[in-house]
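Novice: I am sharing coords20.cif, which consists of mmCIF, C-alpha atoms:
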```cif
data_entry
loop_
_atom_site.group_PDB
_atom_site.id
_atom_site.type_symbol
_atom_site.label_atom_id
_atom_site.label_comp_id
_atom_site.auth_asym_id
_atom_site.auth_seq_id
_atom_site.Cartn_x
_atom_site.Cartn_y
_atom_site.Cartn_z
ATOM 1 C CA MET A 37 0.000 0.000 0.000
ATOM 2 C CA CYS A 38 1.115 3.571 -0.559
ATOM 3 C CA SER A 39 1.526 5.790 2.485
ATOM 4 C CA THR A 40 -0.005 9.259 2.384
ATOM 5 C CA GLU A 41 3.454 10.791 2.661
ATOM 6 C CA ALA A 42 4.763 8.746 -0.259
ATOM 7 C CA VAL A 43 1.751 9.624 -2.360
ATOM 8 C CA LEU A 44 2.184 13.355 -1.784
ATOM 9 C CA LYS A 45 5.904 13.331 -2.427
ATOM 10 C CA ARG A 46 5.537 11.536 -5.746
ATOM 11 C CA PHE A 47 2.251 12.951 -6.962
ATOM 12 C CA VAL A 48 2.835 16.680 -6.500
ATOM 13 C CA PRO A 49 5.415 16.979 -9.329
ATOM 14 C CA ALA A 50 2.996 15.366 -11.804
ATOM 15 C CA VAL A 51 -0.293 17.077 -11.001
ATOM 16 C CA THR A 52 -0.404 19.810 -8.390
ATOM 17 C CA PRO A 53 -3.630 20.102 -6.318
ATOM 18 C CA LEU A 54 -5.819 23.140 -6.707
ATOM 19 C CA ALA A 55 -5.599 24.165 -3.081
ATOM 20 C CA LEU A 56 -2.491 26.261 -3.435
ATOM 21 C CA ILE A 57 -2.516 29.907 -2.438
ATOM 22 C CA GLY A 58 -2.432 31.077 -6.057
ATOM 23 C CA LEU A 59 -5.030 28.501 -7.167
ATOM 24 C CA ILE A 60 -2.701 27.227 -9.861
ATOM 25 C CA VAL A 61 -3.021 24.133 -12.047
ATOM 26 C CA VAL A 62 0.273 22.671 -13.129
ATOM 27 C CA SER A 63 0.950 20.539 -16.182
ATOM 28 C CA GLY A 64 4.634 20.334 -16.975
ATOM 29 C CA ALA A 65 5.994 23.878 -16.919
ATOM 30 C CA HIS A 66 2.685 25.479 -17.977
ATOM 31 C CA GLN A 67 0.512 27.181 -15.358
ATOM 32 C CA GLN A 68 -3.017 28.508 -15.669
ATOM 33 C CA PRO A 69 -5.243 30.247 -13.105
ATOM 34 C CA VAL A 70 -8.021 27.984 -11.938
ATOM 35 C CA VAL A 71 -10.503 30.833 -11.694
ATOM 36 C CA ALA A 72 -10.381 31.292 -15.459
ATOM 37 C CA GLN A 73 -10.034 27.650 -16.447
ATOM 38 C CA GLN A 74 -12.240 25.765 -14.022
ATOM 39 C CA PRO A 75 -15.576 26.233 -15.876
ATOM 40 C CA GLN A 76 -14.028 24.518 -18.919
ATOM 41 C CA PHE A 77 -12.610 21.462 -17.140
ATOM 42 C CA GLY A 78 -14.345 18.286 -18.275
ATOM 43 C CA HIS A 79 -16.923 20.137 -20.393
ATOM 44 C CA LEU A 80 -15.648 18.641 -23.631
ATOM 45 C CA THR A 81 -17.324 18.491 -26.994
ATOM 46 C CA ALA A 82 -18.323 15.118 -28.390
ATOM 47 C CA ALA A 83 -15.330 15.275 -30.743
ATOM 48 C CA GLN A 84 -12.922 16.035 -27.893
ATOM 49 C CA ARG A 85 -14.311 13.210 -25.772
ATOM 50 C CA GLY A 86 -14.177 10.815 -28.705
ATOM 51 C CA ALA A 87 -10.506 11.605 -29.261
ATOM 52 C CA ILE A 88 -9.470 10.485 -25.777
ATOM 53 C CA GLN A 89 -8.479 6.837 -25.683
ATOM 54 C CA LEU A 90 -9.057 5.019 -22.385
ATOM 55 C CA ILE A 91 -7.122 1.815 -21.720
ATOM 56 C CA ILE A 92 -7.462 -0.279 -18.567
ATOM 57 C CA SER A 93 -5.321 -3.145 -17.310
ATOM 58 C CA SER A 94 -5.391 -5.509 -14.340
ATOM 59 C CA HIS A 95 -2.527 -5.891 -11.891
ATOM 60 C CA ALA A 96 -1.869 -5.616 -8.159
ATOM 61 C CA THR A 97 -0.145 -2.236 -7.913
ATOM 62 C CA PRO A 98 -2.221 0.334 -6.000
ATOM 63 C CA CYS A 99 0.032 3.315 -6.854
ATOM 64 C CA ASP A 100 0.792 2.823 -10.530
ATOM 65 C CA PHE A 101 -0.144 6.390 -11.474
ATOM 66 C CA PHE A 102 3.413 7.363 -10.517
ATOM 67 C CA ILE A 103 4.934 4.891 -12.951
ATOM 68 C CA VAL A 104 6.049 5.788 -16.464
ATOM 69 C CA GLY A 105 6.058 3.033 -19.058
ATOM 70 C CA HIS A 106 4.462 -0.374 -19.437
ATOM 71 C CA LEU A 107 3.159 -2.367 -16.486
ATOM 72 C CA ILE A 108 2.909 -6.136 -16.425
ATOM 73 C CA ASP A 109 -0.740 -7.107 -16.543
ATOM 74 C CA ARG A 110 -2.004 -10.006 -14.475
ATOM 75 C CA SER A 111 -4.722 -12.400 -15.508
ATOM 76 C CA VAL A 112 -4.903 -14.643 -12.416
ATOM 77 C CA PHE A 113 -5.476 -13.593 -8.793
ATOM 78 C CA MET A 114 -5.890 -15.636 -5.647
ATOM 79 C CA SER A 115 -9.162 -15.398 -3.748
ATOM 80 C CA GLY A 116 -8.963 -12.444 -1.344
ATOM 81 C CA GLU A 117 -6.116 -10.799 -3.236
ATOM 82 C CA PRO A 118 -6.746 -7.149 -4.201
ATOM 83 C CA VAL A 119 -7.404 -6.444 -7.864
ATOM 84 C CA HIS A 120 -6.327 -2.947 -8.863
ATOM 85 C CA ILE A 121 -7.321 -1.617 -12.259
ATOM 86 C CA GLY A 122 -4.929 0.751 -13.998
ATOM 87 C CA LEU A 123 -6.214 3.456 -16.351
ATOM 88 C CA VAL A 124 -4.287 5.321 -19.044
ATOM 89 C CA MET A 125 -5.800 8.292 -20.901
ATOM 90 C CA THR A 126 -4.355 9.390 -24.245
ATOM 91 C CA ASN A 127 -5.566 12.404 -26.188
ATOM 92 C CA THR A 128 -5.302 11.485 -29.875
ATOM 93 C CA ALA A 129 -6.465 14.898 -31.133
ATOM 94 C CA GLY A 130 -4.175 17.665 -32.319
ATOM 95 C CA GLU A 131 -4.960 20.071 -29.481
ATOM 96 C CA SER A 132 -4.656 19.817 -25.696
ATOM 97 C CA VAL A 133 -7.732 19.505 -23.489
ATOM 98 C CA TRP A 134 -8.144 20.009 -19.752
ATOM 99 C CA VAL A 135 -9.848 17.192 -17.845
ATOM 100 C CA CYS A 136 -10.512 16.377 -14.223
ATOM 101 C CA ALA A 137 -7.832 13.814 -13.458
ATOM 102 C CA SER A 138 -8.955 12.903 -9.957
ATOM 103 C CA SER A 139 -11.849 13.870 -7.692
ATOM 104 C CA ASN A 140 -14.111 11.269 -6.100
ATOM 105 C CA PRO A 141 -13.692 7.899 -7.863
ATOM 106 C CA PHE A 142 -17.371 7.079 -7.349
ATOM 107 C CA TYR A 143 -18.348 10.180 -9.334
ATOM 108 C CA GLN A 144 -15.945 9.695 -12.224
ATOM 109 C CA ASN A 145 -15.984 5.951 -12.793
ATOM 110 C CA ARG A 146 -18.549 3.242 -13.509
ATOM 111 C CA PRO A 147 -16.874 -0.183 -13.698
ATOM 112 C CA GLN A 148 -18.958 -2.833 -15.452
ATOM 113 C CA LEU A 149 -17.988 -6.278 -14.143
ATOM 114 C CA THR A 150 -19.286 -9.739 -15.013
ATOM 115 C CA ARG A 151 -18.478 -13.095 -13.399
ATOM 116 C CA ASP A 152 -18.965 -16.165 -15.594
ATOM 117 C CA GLY A 153 -21.187 -14.060 -17.833
ATOM 118 C CA GLU A 154 -23.401 -12.644 -15.046
ATOM 119 C CA ALA A 155 -23.324 -8.971 -14.026
ATOM 120 C CA VAL A 156 -21.757 -8.358 -10.609
ATOM 121 C CA PRO A 157 -23.684 -5.742 -8.571
ATOM 122 C CA TYR A 158 -21.987 -2.927 -6.714
ATOM 123 C CA SER A 159 -21.528 -3.419 -2.979
ATOM 124 C CA GLU A 160 -24.347 -2.247 -0.728
ATOM 125 C CA LYS A 161 -22.224 0.474 0.865
ATOM 126 C CA ILE A 162 -21.923 2.465 -2.377
ATOM 127 C CA ILE A 163 -25.212 1.753 -4.176
ATOM 128 C CA GLU A 164 -26.937 4.818 -2.713
ATOM 129 C CA LEU A 165 -23.879 6.985 -3.343
ATOM 130 C CA ILE A 166 -23.878 5.917 -6.994
ATOM 131 C CA ARG A 167 -27.610 6.572 -7.314
ATOM 132 C CA GLN A 168 -27.298 10.063 -5.862
ATOM 133 C CA SER A 169 -24.306 10.845 -8.035
ATOM 134 C CA ASP A 170 -26.004 9.663 -11.235
ATOM 135 C CA ALA A 171 -29.124 11.638 -10.356
ATOM 136 C CA GLY A 172 -27.080 14.812 -9.913
ATOM 137 C CA GLU A 173 -27.949 15.022 -6.216
ATOM 138 C CA LEU A 174 -24.437 14.617 -4.856
ATOM 139 C CA CYS A 175 -21.131 16.246 -5.708
ATOM 140 C CA GLU A 176 -19.061 16.801 -2.570
ATOM 141 C CA PHE A 177 -15.298 16.464 -2.232
ATOM 142 C CA THR A 178 -13.253 15.482 0.789
ATOM 143 C CA ARG A 179 -10.130 16.687 -1.035
ATOM 144 C CA THR A 180 -9.451 19.240 -3.747
ATOM 145 C CA PRO A 181 -9.828 17.735 -7.250
ATOM 146 C CA ASP A 182 -6.796 17.502 -9.509
ATOM 147 C CA PHE A 183 -6.765 18.595 -13.140
ATOM 148 C CA VAL A 184 -4.469 17.745 -16.023
ATOM 149 C CA ASP A 185 -3.799 19.190 -19.456
ATOM 150 C CA LEU A 186 -3.974 16.166 -21.772
ATOM 151 C CA LYS A 187 -1.468 17.016 -24.452
ATOM 152 C CA PRO A 188 -1.688 15.306 -27.852
ATOM 153 C CA ASN A 189 -0.471 11.709 -27.834
ATOM 154 C CA VAL A 190 1.059 11.899 -24.342
ATOM 155 C CA PRO A 191 -0.324 9.042 -22.192
ATOM 156 C CA PHE A 192 -1.440 10.012 -18.704
ATOM 157 C CA ARG A 193 -1.781 7.329 -16.051
ATOM 158 C CA ALA A 194 -4.732 8.089 -13.774
ATOM 159 C CA ARG A 195 -5.347 6.802 -10.271
ATOM 160 C CA THR A 196 -5.974 3.080 -9.933
ATOM 161 C CA ILE A 197 -9.361 1.605 -9.103
ATOM 162 C CA ASP A 198 -9.596 -1.012 -6.369
ATOM 163 C CA LEU A 199 -12.410 -3.410 -7.257
ATOM 164 C CA LEU A 200 -12.806 -4.247 -3.560
ATOM 165 C CA ASP A 201 -14.178 -0.735 -3.010
ATOM 166 C CA TRP A 202 -16.867 -1.316 -5.606
ATOM 167 C CA TYR A 203 -17.786 -4.965 -5.263
ATOM 168 C CA GLY A 204 -16.391 -6.276 -2.000
ATOM 169 C CA PRO A 205 -14.422 -9.557 -2.036
ATOM 170 C CA LEU A 206 -14.596 -11.294 -5.403
ATOM 171 C CA GLU A 207 -15.515 -14.975 -5.523
ATOM 172 C CA PRO A 208 -13.588 -17.447 -7.684
ATOM 173 C CA GLY A 209 -14.582 -17.334 -11.325
ATOM 174 C CA HIS A 210 -13.837 -15.831 -14.716
ATOM 175 C CA TYR A 211 -14.313 -12.071 -14.881
ATOM 176 C CA GLN A 212 -14.646 -9.531 -17.637
ATOM 177 C CA LEU A 213 -14.484 -5.793 -17.031
ATOM 178 C CA PHE A 214 -14.759 -2.510 -18.842
ATOM 179 C CA LEU A 215 -14.925 0.973 -17.393
ATOM 180 C CA LYS A 216 -17.076 3.976 -18.145
ATOM 181 C CA ARG A 217 -15.508 7.287 -17.137
ATOM 182 C CA THR A 218 -16.413 10.955 -17.282
ATOM 183 C CA PHE A 219 -13.854 13.712 -17.808
ATOM 184 C CA GLY A 220 -15.599 16.059 -15.386
ATOM 185 C CA CYS A 221 -15.185 15.943 -11.621
ATOM 186 C CA CYS A 222 -18.789 14.825 -11.049
ATOM 187 C CA ALA A 223 -21.054 12.355 -12.804
ATOM 188 C CA ASP A 224 -22.552 14.210 -15.764
ATOM 189 C CA GLY A 225 -23.989 11.410 -17.890
ATOM 190 C CA ARG A 226 -21.219 11.783 -20.483
ATOM 191 C CA TRP A 227 -19.365 8.503 -20.250
ATOM 192 C CA ASN A 228 -16.502 7.221 -22.389
ATOM 193 C CA SER A 229 -15.846 3.482 -22.419
ATOM 194 C CA THR A 230 -12.574 1.585 -22.186
ATOM 195 C CA ASN A 231 -11.398 -1.677 -23.657
ATOM 196 C CA VAL A 232 -12.598 -4.974 -22.179
ATOM 197 C CA ILE A 233 -10.204 -7.028 -20.039
ATOM 198 C CA SER A 234 -10.456 -10.520 -18.557
ATOM 199 C CA PHE A 235 -9.006 -12.096 -15.430
ATOM 200 C CA ASP A 236 -9.622 -15.083 -13.167
ATOM 201 C CA ILE A 237 -10.003 -15.462 -9.417
ATOM 202 C CA THR A 238 -8.883 -18.847 -8.136
ATOM 203 C CA GLY A 239 -9.761 -20.443 -4.806
#
```
Could you write out this structure as structure tokens?

Specialist:
Amino acid sequence: MCSTEAVLKRFVPAVTPLALIGLIVVSGAHQQPVVAQQPQFGHLTAAQRGAIQLIISSHATPCDFFIVGHLIDRSVFMSGEPVHIGLVMTNTAGESVWVCASSNPFYQNRPQLTRDGEAVPYSEKIIELIRQSDAGELCEFTRTPDFVDLKPNVPFRARTIDLLDWYGPLEPGHYQLFLKRTFGCCADGRWNSTNVISFDITG
């Protein structure tokens, strides 16, 4: 697991949180005032959203958003072992776009998981949260969201998704998963879909 201290030390150089005195968003060496840019974050046109490629992979690294380069995917996990899903976003268009890189994972993501061909429901503890978020009733943050300037053809590794948070312990079986994600900080009904991956849980 990643300690909070380790996360902060390694994450700040990549994407700086909004809650700085100057309210500054950092992407590389370029800085923009949040006051002017914030209304545009995540409000992409259909063409802009369609140009962003989303690729997920399965492995057991909870902090892979600090890692540059390829990660070794895993297709087999032991029962009770955490399954972390990595996500890489790549803007294939010719112009940069600002997106919400990280806010509340239950607002931004909608994993779609099946076990042996049957849909796996979300855990009871988040069902109401998901309902409120999808209905536009809930958009509260316990931390300041992070934003990133997706430059053309530069992959950006987002925060991992722990399937335990969404589904609880997974039973043995063959699983397939794809992810729907919004580029805003809150659920807005504009979802892009990823590739489909498969993995197995063994007893």

Novice: Skipping near chain neighbours, those fewer than 6 positions away, what residues fall within 9 Å of Gly220 of chain A using all atoms listed in the file, listed as a PyMOL selection string?

Specialist: chain A and resi 77-80+135-137+139+143-144+226

Novice: So, with only C-alpha atoms as the atoms that count, which of A:Ser159, A:Ser115, A:Asn140, A:Thr230 lies closest to Leu174 of chain A?

Specialist: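 Checking each of A:Ser159, A:Ser115, A:Asn140, A:Thr230 against Leu174 of chain A, counting only C-alpha atoms, the winner is A:Asn140.
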
Novice: Using only C-alpha atoms, which of the listed residues (A:Ile237, A:Val232, A:Leu149, A:Leu200) sits closest to Leu90 of chain A?

Specialist: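 Ranked by minimum distance to Leu90 of chain A, first place goes to A:Val232.
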
Novice: Ranking A:Val190, A:Cys221, A:Leu215, A:Ile163 by minimum distance to Thr128 of chain A and counting all atoms listed in the file, which one comes first?

Specialist: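 Using all atoms listed in the file, the shortest distance to Thr128 of chain A belongs to A:Val190.
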
Novice: Could you give me the axis-aligned bounding box of segment 164-179 of chain A, with 3 Å of padding per side, as centre plus edge lengths in Å to one decimal, as AutoDock Vina command-line options?

Specialist:
```
--center_x -19.6 --center_y 10.8 --center_z -5.2 --size_x 25.0 --size_y 18.0 --size_z 18.0
```

Novice: How many Å lie between atom CA of Pro141 of chain A and atom CA of Asn228 of chain A, rounded to one decimal?

Specialist: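 Going from atom CA of Pro141 of chain A over to atom CA of Asn228 of chain A, I get 14.8 Å.
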
Novice: Let me make sure I understand: among A:Thr126, A:Asn145, A:Thr150, A:Thr81, which one has the smallest atom-to-atom distance to Asp198 of chain A if we use all atoms listed in the file?

Specialist: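 Selected residue with least distance to Asp198 of chain A: A:Asn145.
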
Novice: For atom CA of Ala82 of chain A and atom CA of Cys175 of chain A, quote the distance in Å rounded to one decimal.

Specialist: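 It comes out at 22.9 Å.
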
Novice: In file coordinates, which residues lie within 6 Å of (-19.9, 5.4, -7.4) using only C-alpha atoms, given as a ChimeraX atom specification?

Specialist: /A:142-143,165-166

Novice: Between atom CA of Ala171 of chain A and atom CA of Arg217 of chain A, what distance in Å does the model show, to one decimal?

Specialist: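 That distance, rounded to one decimal, is 15.8 Å.
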
Novice: When you count all atoms listed in the file, which of these residues is closest to Leu123 of chain A: A:Leu213, A:Ile197, A:Ala87, A:Ile233?

Specialist: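 The answer is A:Ile197, which sits nearest to Leu123 of chain A.
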
Novice: May I ask which of the residues A:Ser111, A:Thr238, A:Ser94, A:Ser169 is the closest one to Phe214 of chain A, counting only C-alpha atoms?

Specialist: A:Ser94

Novice: Going by the chain IDs and residue numbers used in this file, which residues fall under the PyMOL selection byres ((chain A and resi 129) around 12)? Write them as a PyMOL selection string.

Specialist: chain A and resi 83-89+126-128+130-133+186-190

Novice: If you count all atoms listed in the file, which residues fall within 12 Å of Ala155 of chain A, apart from same-chain ones fewer than 2 positions away, as an mmCIF file with C-alpha atoms, keeping the file's coordinate frame?

Specialist:
```cif
data_model
loop_
_atom_site.group_PDB
_atom_site.id
_atom_site.type_symbol
_atom_site.label_atom_id
_atom_site.label_comp_id
_atom_site.auth_asym_id
_atom_site.auth_seq_id
_atom_site.Cartn_x
_atom_site.Cartn_y
_atom_site.Cartn_z
ATOM 1 C CA PRO A 147 -16.874 -0.183 -13.698
ATOM 2 C CA GLN A 148 -18.958 -2.833 -15.452
ATOM 3 C CA LEU A 149 -17.988 -6.278 -14.143
ATOM 4 C CA THR A 150 -19.286 -9.739 -15.013
ATOM 5 C CA ARG A 151 -18.478 -13.095 -13.399
ATOM 6 C CA ASP A 152 -18.965 -16.165 -15.594
ATOM 7 C CA GLY A 153 -21.187 -14.060 -17.833
ATOM 8 C CA PRO A 157 -23.684 -5.742 -8.571
ATOM 9 C CA TYR A 158 -21.987 -2.927 -6.714
ATOM 10 C CA TYR A 203 -17.786 -4.965 -5.263
ATOM 11 C CA HIS A 210 -13.837 -15.831 -14.716
ATOM 12 C CA TYR A 211 -14.313 -12.071 -14.881
ATOM 13 C CA GLN A 212 -14.646 -9.531 -17.637
ATOM 14 C CA LEU A 213 -14.484 -5.793 -17.031
ATOM 15 C CA PHE A 214 -14.759 -2.510 -18.842
#
```
